[in-house]
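With CSV, C-alpha atoms inside, this is start_26.csv:
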```csv
chain,number,residue,atom,x,y,z
A,1,MET,CA,23.7,129.7,66.6
A,2,ASN,CA,24.7,126.1,65.9
A,3,ARG,CA,27.8,124.1,66.7
A,4,GLY,CA,30.4,124.0,64.0
A,5,SER,CA,30.8,126.9,61.5
A,6,GLY,CA,28.3,129.3,60.3
A,7,THR,CA,27.3,133.0,59.8
A,8,PHE,CA,24.8,135.5,61.1
A,9,ASP,CA,24.2,139.2,60.3
A,10,PHE,CA,24.5,142.0,62.8
A,11,GLY,CA,23.4,145.1,61.0
A,12,ARG,CA,25.8,145.8,58.2
A,13,VAL,CA,28.3,143.3,59.5
A,14,ARG,CA,28.3,139.6,58.7
A,15,VAL,CA,29.8,137.5,61.5
A,16,TRP,CA,31.6,134.3,60.6
A,17,TYR,CA,31.7,132.0,63.7
A,18,HIS,CA,32.9,128.6,64.8
A,19,CYS,CA,31.5,126.9,67.9
A,20,PRO,CA,33.3,123.8,69.1
A,21,GLN,CA,31.7,120.8,70.7
A,22,GLY,CA,30.9,121.0,74.4
A,23,ARG,CA,28.5,122.9,76.7
A,24,MET,CA,28.0,126.1,74.7
A,25,VAL,CA,26.9,128.3,77.6
A,26,ASP,CA,30.3,127.7,79.3
A,27,LEU,CA,32.5,128.7,76.4
A,28,PRO,CA,34.8,131.6,76.5
A,29,VAL,CA,34.6,134.1,73.6
A,30,VAL,CA,37.3,135.2,71.2
A,31,PHE,CA,37.0,137.8,68.5
A,32,ALA,CA,39.5,137.5,65.6
A,33,LEU,CA,39.5,140.6,63.4
A,34,HIS,CA,40.6,140.7,59.8
A,35,GLY,CA,42.9,143.2,58.1
A,36,ALA,CA,42.5,145.4,55.0
A,37,SER,CA,41.6,142.5,52.8
A,38,ARG,CA,38.3,142.2,54.8
A,39,ASN,CA,38.6,138.4,54.6
A,40,ALA,CA,36.7,137.4,57.8
A,41,ARG,CA,35.7,134.0,56.4
A,42,THR,CA,39.4,133.1,55.9
A,43,TYR,CA,40.1,134.2,59.5
A,44,ARG,CA,37.2,132.1,60.8
A,45,ASN,CA,38.6,129.1,58.9
A,46,THR,CA,42.1,129.7,60.2
A,47,TRP,CA,41.1,130.2,63.8
A,48,ALA,CA,38.5,127.4,63.8
A,49,ARG,CA,41.1,124.7,64.5
A,50,HIS,CA,42.3,126.6,67.5
A,51,ALA,CA,38.7,127.0,68.8
A,52,ASP,CA,38.3,123.3,68.5
A,53,VAL,CA,41.5,122.4,70.3
A,54,HIS,CA,41.2,125.0,73.1
A,55,GLY,CA,37.4,125.2,73.4
A,56,PHE,CA,36.3,128.7,72.8
A,57,LEU,CA,33.6,130.4,70.7
A,58,LEU,CA,35.2,132.2,67.8
A,59,LEU,CA,33.6,135.3,66.3
A,60,ALA,CA,35.1,136.9,63.1
A,61,PRO,CA,33.1,139.9,62.1
A,62,ALA,CA,33.4,141.2,58.5
A,63,PHE,CA,33.6,145.0,58.1
A,64,SER,CA,33.0,145.0,54.3
A,65,LEU,CA,34.4,147.6,51.9
A,66,ALA,CA,30.9,148.4,50.9
A,67,HIS,CA,30.0,149.7,54.3
A,68,TYR,CA,33.4,150.5,55.8
A,69,PRO,CA,35.3,151.7,52.7
A,70,ASP,CA,38.4,153.4,54.2
A,71,GLU,CA,40.8,153.7,57.1
A,72,ARG,CA,38.6,156.3,58.8
A,73,SER,CA,35.5,154.1,58.9
A,74,PHE,CA,37.3,150.8,59.8
A,75,ASN,CA,40.9,151.1,61.1
A,76,LEU,CA,40.1,154.4,63.0
A,77,GLY,CA,36.7,153.2,64.3
A,78,ASN,CA,34.6,155.8,62.5
A,79,VAL,CA,35.1,158.0,65.6
A,80,PHE,CA,35.5,161.1,63.4
A,81,ALA,CA,33.6,162.1,60.2
A,82,LYS,CA,35.5,163.1,57.0
A,83,GLY,CA,35.3,166.8,58.0
A,84,GLY,CA,36.9,166.2,61.4
A,85,ALA,CA,33.7,166.4,63.5
A,86,ARG,CA,33.3,163.7,66.1
A,87,ASN,CA,30.6,161.2,65.2
A,88,PRO,CA,28.0,160.1,67.8
A,89,GLU,CA,29.2,157.1,69.7
A,90,ALA,CA,26.4,154.9,68.3
A,91,ASP,CA,27.9,155.4,64.8
A,92,TRP,CA,31.4,154.2,65.8
A,93,SER,CA,32.6,151.0,64.2
A,94,PHE,CA,34.0,150.1,67.6
A,95,GLN,CA,30.5,149.7,69.0
A,96,VAL,CA,29.8,146.8,66.7
A,97,ILE,CA,32.0,144.5,68.7
A,98,GLU,CA,30.1,145.1,71.9
A,99,GLY,CA,26.8,144.7,70.1
A,100,ILE,CA,27.8,141.4,68.7
A,101,PHE,CA,28.9,140.2,72.1
A,102,ASP,CA,25.5,141.2,73.6
A,103,ARG,CA,23.7,139.4,70.7
A,104,VAL,CA,25.6,136.2,71.1
A,105,LYS,CA,25.4,136.2,74.9
A,106,LYS,CA,21.6,136.5,74.7
A,107,ARG,CA,20.9,134.1,71.9
A,108,ALA,CA,23.3,131.4,73.2
A,109,GLY,CA,22.8,132.0,76.9
A,110,LEU,CA,26.5,132.4,77.4
A,111,HIS,CA,27.9,132.8,80.9
A,112,ALA,CA,31.0,134.7,79.6
A,113,ALA,CA,31.3,138.2,81.1
A,114,SER,CA,34.2,139.2,78.8
A,115,TYR,CA,36.0,138.3,75.7
A,116,GLY,CA,39.5,138.1,74.2
A,117,PHE,CA,40.1,140.5,71.3
A,118,TYR,CA,42.7,139.7,68.6
A,119,GLY,CA,43.3,141.8,65.4
A,120,HIS,CA,45.9,141.5,62.7
A,121,SER,CA,47.2,144.2,60.5
A,122,ALA,CA,44.4,146.8,59.9
A,123,GLY,CA,42.5,144.7,62.5
A,124,SER,CA,45.3,145.3,64.9
A,125,GLN,CA,44.9,149.1,64.3
A,126,PHE,CA,41.2,148.7,65.2
A,127,VAL,CA,42.0,146.8,68.3
A,128,HIS,CA,44.5,149.2,69.9
A,129,ARG,CA,42.3,152.2,69.1
A,130,PHE,CA,39.3,150.4,70.5
A,131,LEU,CA,41.3,150.1,73.7
A,132,TYR,CA,41.5,153.9,74.0
A,133,PHE,CA,38.0,154.8,73.0
A,134,MET,CA,35.9,152.1,74.6
A,135,PRO,CA,36.4,152.4,78.4
A,136,ARG,CA,33.3,150.3,79.2
A,137,ALA,CA,34.1,147.5,76.8
A,138,ARG,CA,34.2,144.0,78.2
A,139,ALA,CA,37.4,142.9,76.5
A,140,ARG,CA,39.6,141.1,79.0
A,141,LEU,CA,42.7,141.0,76.7
A,142,PHE,CA,43.8,142.9,73.6
A,143,VAL,CA,46.2,141.2,71.2
A,144,ALA,CA,47.4,143.7,68.6
A,145,ALA,CA,49.3,141.8,65.9
A,146,ASN,CA,51.4,143.4,63.1
A,147,ALA,CA,49.8,146.8,62.8
A,148,GLY,CA,51.0,148.9,60.0
A,149,TRP,CA,51.0,152.1,62.0
A,150,TYR,CA,49.7,153.2,65.4
A,151,THR,CA,48.0,155.9,67.4
A,152,MET,CA,50.7,156.3,69.9
A,153,PRO,CA,49.7,156.3,73.6
A,154,THR,CA,50.9,159.9,74.2
A,155,PHE,CA,49.5,163.4,74.1
A,156,ASP,CA,52.7,164.7,72.6
A,157,LEU,CA,51.4,163.9,69.1
A,158,ALA,CA,48.2,164.9,67.4
A,159,TYR,CA,45.6,162.4,66.4
A,160,PRO,CA,45.6,160.0,64.6
A,161,TYR,CA,49.4,159.5,65.3
A,162,GLY,CA,48.9,160.4,69.0
A,163,LEU,CA,46.1,161.2,71.4
A,164,ALA,CA,46.2,165.1,71.3
A,165,GLU,CA,43.0,166.5,69.8
A,166,SER,CA,41.3,163.1,70.0
A,167,GLY,CA,38.9,164.0,72.7
A,168,LEU,CA,40.5,161.5,75.1
A,169,THR,CA,41.8,162.4,78.5
A,170,VAL,CA,44.8,161.5,80.6
A,171,ALA,CA,42.5,159.3,82.6
A,172,ASP,CA,41.6,157.4,79.4
A,173,LEU,CA,45.3,156.8,78.8
A,174,LYS,CA,46.0,155.7,82.3
A,175,ARG,CA,43.1,153.2,82.0
A,176,ALA,CA,44.5,151.9,78.7
A,177,LEU,CA,48.0,151.4,80.1
A,178,ARG,CA,46.5,149.3,83.0
A,179,GLN,CA,44.7,147.0,80.6
A,180,ARG,CA,46.1,143.5,79.6
A,181,VAL,CA,47.6,144.2,76.2
A,182,VAL,CA,49.9,142.0,74.1
A,183,VAL,CA,51.7,143.7,71.2
A,184,LEU,CA,52.5,140.7,69.0
A,185,LEU,CA,55.0,141.1,66.2
A,186,GLY,CA,56.2,138.8,63.5
A,187,SER,CA,60.0,138.7,63.4
A,188,ASP,CA,60.0,138.8,59.6
A,189,ASP,CA,57.4,141.5,59.1
A,190,VAL,CA,60.1,143.9,57.9
A,191,ASP,CA,59.1,144.5,54.3
A,192,VAL,CA,59.6,148.3,53.7
A,193,THR,CA,58.0,148.0,50.2
A,194,HIS,CA,54.8,146.2,51.3
A,195,PRO,CA,52.0,147.7,49.1
A,196,LYS,CA,49.7,148.2,52.2
A,197,LEU,CA,52.3,149.8,54.4
A,198,ARG,CA,51.5,153.4,55.3
A,199,ARG,CA,54.3,155.8,54.3
A,200,THR,CA,53.2,159.2,55.5
A,201,ARG,CA,55.6,161.3,57.5
A,202,GLY,CA,53.8,160.4,60.7
A,203,ALA,CA,54.0,156.7,60.0
A,204,ARG,CA,57.6,156.8,59.0
A,205,ARG,CA,58.5,158.4,62.3
A,206,GLN,CA,57.3,155.3,64.0
A,207,GLY,CA,59.8,153.1,62.1
A,208,ALA,CA,60.7,151.8,58.6
A,209,HIS,CA,58.5,148.7,58.8
A,210,ARG,CA,55.8,147.0,61.0
A,211,PHE,CA,58.3,145.2,63.3
A,212,GLU,CA,60.1,148.5,64.1
A,213,ARG,CA,56.8,150.4,64.5
A,214,GLY,CA,55.5,147.8,66.9
A,215,HIS,CA,58.5,148.3,69.1
A,216,THR,CA,58.1,152.1,69.0
A,217,PHE,CA,54.5,151.7,70.1
A,218,PHE,CA,55.3,149.4,73.0
A,219,GLU,CA,58.2,151.5,74.2
A,220,THR,CA,56.1,154.7,74.0
A,221,ALA,CA,53.5,153.0,76.2
A,222,LYS,CA,56.1,151.9,78.7
A,223,ARG,CA,57.6,155.3,78.9
A,224,GLU,CA,54.1,157.0,79.4
A,225,ALA,CA,53.2,154.5,82.1
A,226,GLN,CA,56.3,155.3,84.0
A,227,ALA,CA,55.8,159.0,83.6
A,228,LEU,CA,52.2,158.8,84.8
A,229,GLY,CA,53.0,156.4,87.6
A,230,VAL,CA,50.4,153.8,86.7
A,231,PRO,CA,50.8,150.0,86.5
A,232,PHE,CA,51.9,148.8,83.1
A,233,ASN,CA,50.2,145.6,82.0
A,234,TRP,CA,51.3,145.4,78.4
A,235,GLN,CA,53.6,142.8,77.0
A,236,LEU,CA,55.7,142.7,73.8
A,237,ASP,CA,56.2,139.3,72.2
A,238,THR,CA,57.7,138.2,68.9
A,239,VAL,CA,56.6,135.2,66.8
A,240,PRO,CA,59.8,133.9,65.2
A,241,ASP,CA,60.1,133.3,61.5
A,242,VAL,CA,56.7,134.8,60.7
A,243,GLY,CA,56.1,137.8,58.5
A,244,HIS,CA,52.8,139.6,57.7
A,245,ASP,CA,50.7,136.5,58.0
A,246,ASN,CA,47.6,136.0,60.2
A,247,ALA,CA,47.8,132.2,60.3
A,248,GLY,CA,51.4,132.4,61.6
A,249,MET,CA,50.5,135.0,64.2
A,250,ALA,CA,47.5,133.1,65.3
A,251,LYS,CA,49.7,130.3,66.6
A,252,GLY,CA,51.5,132.8,68.8
A,253,ALA,CA,48.3,134.6,69.9
A,254,VAL,CA,46.2,131.7,70.9
A,255,ALA,CA,48.2,130.9,74.1
A,256,TYR,CA,47.4,134.4,75.4
A,257,LEU,CA,43.8,134.3,74.4
A,258,ILE,CA,43.2,131.0,76.3
A,259,GLY,CA,45.1,132.3,79.4
A,260,ALA,CA,48.1,129.9,79.0
A,261,ARG,CA,50.5,132.8,78.9
```
Show me this structure written as structure tokens.
Amino acid sequence: MNRGSGTFDFGRVRVWYHCPQGRMVDLPVVFALHGASRNARTYRNTWARHADVHGFLLLAPAFSLAHYPDERSFNLGNVFAKGGARNPEADWSFQVIEGIFDRVKKRAGLHAASYGFYGHSAGSQFVHRFLYFMPRARARLFVAANAGWYTMPTFDLAYPYGLAESGLTVADLKRALRQRVVVLLGSDDVDVTHPKLRRTRGARRQGAHRFERGHTFFETAKREAQALGVPFNWQLDTVPDVGHDNAGMAKGAVAYLIGAR
């Protein structure tokens, strides 16, 4: 891995990265995960300026349509097969993130013991489900931006709209609620006719559009934390005058990822 921008392959995933100037081994690590357009290169280019200004190693993995063709295999982490059987953990898409982190740490000799994890749109769906299913992951912060729909942090609803029948436990939920999570919403992400907005009955119950659904997600988590009596370390924040746009959301997310907020 060289300074500046480049790529490397990790199995079926191509990783677009940007490494700023400075002592590489001391750099913190940030993952920026694309949405349904699978445009990791664009995400890398958008986020590279933030990496340069704030001094972090940026990793933008590309989960291609060729290898991850649908919501089940990407947004939902490939935890379950098409027939409903639970896949071996080694086959989960979620595992790719931890594998990339191990590869980069080893090859670059990084001192970083953890990473910040940002996802936008479908990438935000990946991030918040990763939070549930990956209890040993080394993410120190999860930033879920503008998800189209959510797996709600409650056992009152069946998976994928809730945690019932997911194989997860109350202990998993308690752990997730204690994690550092930022639900980041664009104030203008309110298009109810957006072509990629999920319109199933379960999704519509979460709200009419992404902004409303994000509030439902956060309030559900807050209510569950209170009911379970666990510390609640999530935060809801809004980026003003931004719609469904990664570049606009990145400007609001970066302060959290560098520990300034």
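Compared by their closest atoms to Tyr150 in chain A, and using all atoms listed in the file, the residues A:Tyr115, A:Phe211, A:Phe8, A:Phe101 rank with A:Phe211 nearest.
CA of Ser5 in chain A to CA of Gly35 in chain A spans 20.6 Å [interatomic distance, one decimal].
Among the candidates A:Arg210, A:Pro61, A:Arg180, A:Ala247, the residue lying nearest to Gln235 in chain A is A:Arg180 (atoms considered: only C-alpha atoms).
One distance worth recording is that between CA of Val30 in chain A and CA of Ala145 in chain A, which is 14.7 Å.
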Would you mind reading off the distance between CA of Glu89 in chain A and CA of Ser121 in chain A, one decimal, in Å?
24.0 Å
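Using all atoms listed in the file, the residues found no farther than 6 Å from Leu184 in chain A, other than those of its own chain fewer than 5 positions away, are Ala144, Ala145, Asp237 and Thr238 of chain A.
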Which one of A:Asp156, A:Asp52, A:Asp191, A:Glu224 sits closest to Glu212 in chain A if you count only C-alpha atoms?
A:Asp191
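Taking all atoms listed in the file into account, Pro135 in chain A lies nearest to A:Arg175 out of the set A:Arg175, A:His194, A:Arg201, A:Arg107.
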Neighbours of Thr151 in chain A within 6 Å (all atoms listed in the file; same-chain residues fewer than 2 positions away dropped), as a ChimeraX atom specification?
/A:160-162
With C-alpha atoms retained, write the just-selected residues as a PDB file, in the frame of the given file.
```pdb
ATOM      1  CA  PRO A 160      45.600 160.000  64.600  1.00  0.00           C
ATOM      2  CA  TYR A 161      49.400 159.500  65.300  1.00  0.00           C
ATOM      3  CA  GLY A 162      48.900 160.400  69.000  1.00  0.00           C
TER       4      GLY A 162
END
```
Filled-in N, CA and C atoms of range 40-60 of chain A, supplied as a compact mmCIF listing (two decimals), in the frame of the given file:
```txt
# COMPACT_ATOMS: atom_id res chain seq x y z
N ALA A 40 37.10 137.98 56.50
CA ALA A 40 36.70 137.40 57.80
C ALA A 40 36.45 135.88 57.66
N ARG A 41 35.96 135.45 56.53
CA ARG A 41 35.70 134.00 56.40
C ARG A 41 37.03 133.23 56.47
N THR A 42 38.09 133.75 55.86
CA THR A 42 39.40 133.10 55.90
C THR A 42 39.90 133.09 57.38
N TYR A 43 39.70 134.19 58.09
CA TYR A 43 40.10 134.20 59.50
C TYR A 43 39.33 133.20 60.31
N ARG A 44 38.03 133.11 60.08
CA ARG A 44 37.20 132.10 60.80
C ARG A 44 37.79 130.71 60.52
N ASN A 45 38.08 130.40 59.26
CA ASN A 45 38.60 129.10 58.90
C ASN A 45 39.95 128.79 59.53
N THR A 46 40.80 129.82 59.56
CA THR A 46 42.10 129.70 60.20
C THR A 46 42.04 129.43 61.66
N TRP A 47 41.19 130.20 62.31
CA TRP A 47 41.10 130.20 63.80
C TRP A 47 40.21 129.01 64.27
N ALA A 48 39.40 128.40 63.40
CA ALA A 48 38.50 127.40 63.80
C ALA A 48 39.20 126.18 64.49
N ARG A 49 40.36 125.81 63.95
CA ARG A 49 41.10 124.70 64.50
C ARG A 49 41.56 125.00 65.95
N HIS A 50 41.92 126.25 66.19
CA HIS A 50 42.30 126.60 67.50
C HIS A 50 41.11 126.62 68.49
N ALA A 51 39.96 127.04 67.97
CA ALA A 51 38.70 127.00 68.80
C ALA A 51 38.38 125.59 69.17
N ASP A 52 38.55 124.67 68.25
CA ASP A 52 38.30 123.30 68.50
C ASP A 52 39.21 122.69 69.57
N VAL A 53 40.49 122.97 69.41
CA VAL A 53 41.50 122.40 70.30
C VAL A 53 41.37 122.98 71.72
N HIS A 54 41.11 124.30 71.81
CA HIS A 54 41.20 125.00 73.10
C HIS A 54 39.78 125.29 73.68
N GLY A 55 38.72 125.04 72.91
CA GLY A 55 37.40 125.20 73.40
C GLY A 55 36.91 126.58 73.68
N PHE A 56 36.89 127.42 72.64
CA PHE A 56 36.30 128.70 72.80
C PHE A 56 35.42 129.05 71.57
N LEU A 57 34.46 129.91 71.77
CA LEU A 57 33.60 130.40 70.70
C LEU A 57 34.28 131.46 69.92
N LEU A 58 34.46 131.26 68.64
CA LEU A 58 35.20 132.20 67.80
C LEU A 58 34.20 133.05 67.00
N LEU A 59 34.43 134.35 67.02
CA LEU A 59 33.60 135.30 66.30
C LEU A 59 34.53 136.13 65.39
N ALA A 60 34.29 136.11 64.08
CA ALA A 60 35.10 136.90 63.10
C ALA A 60 34.21 137.78 62.30
```
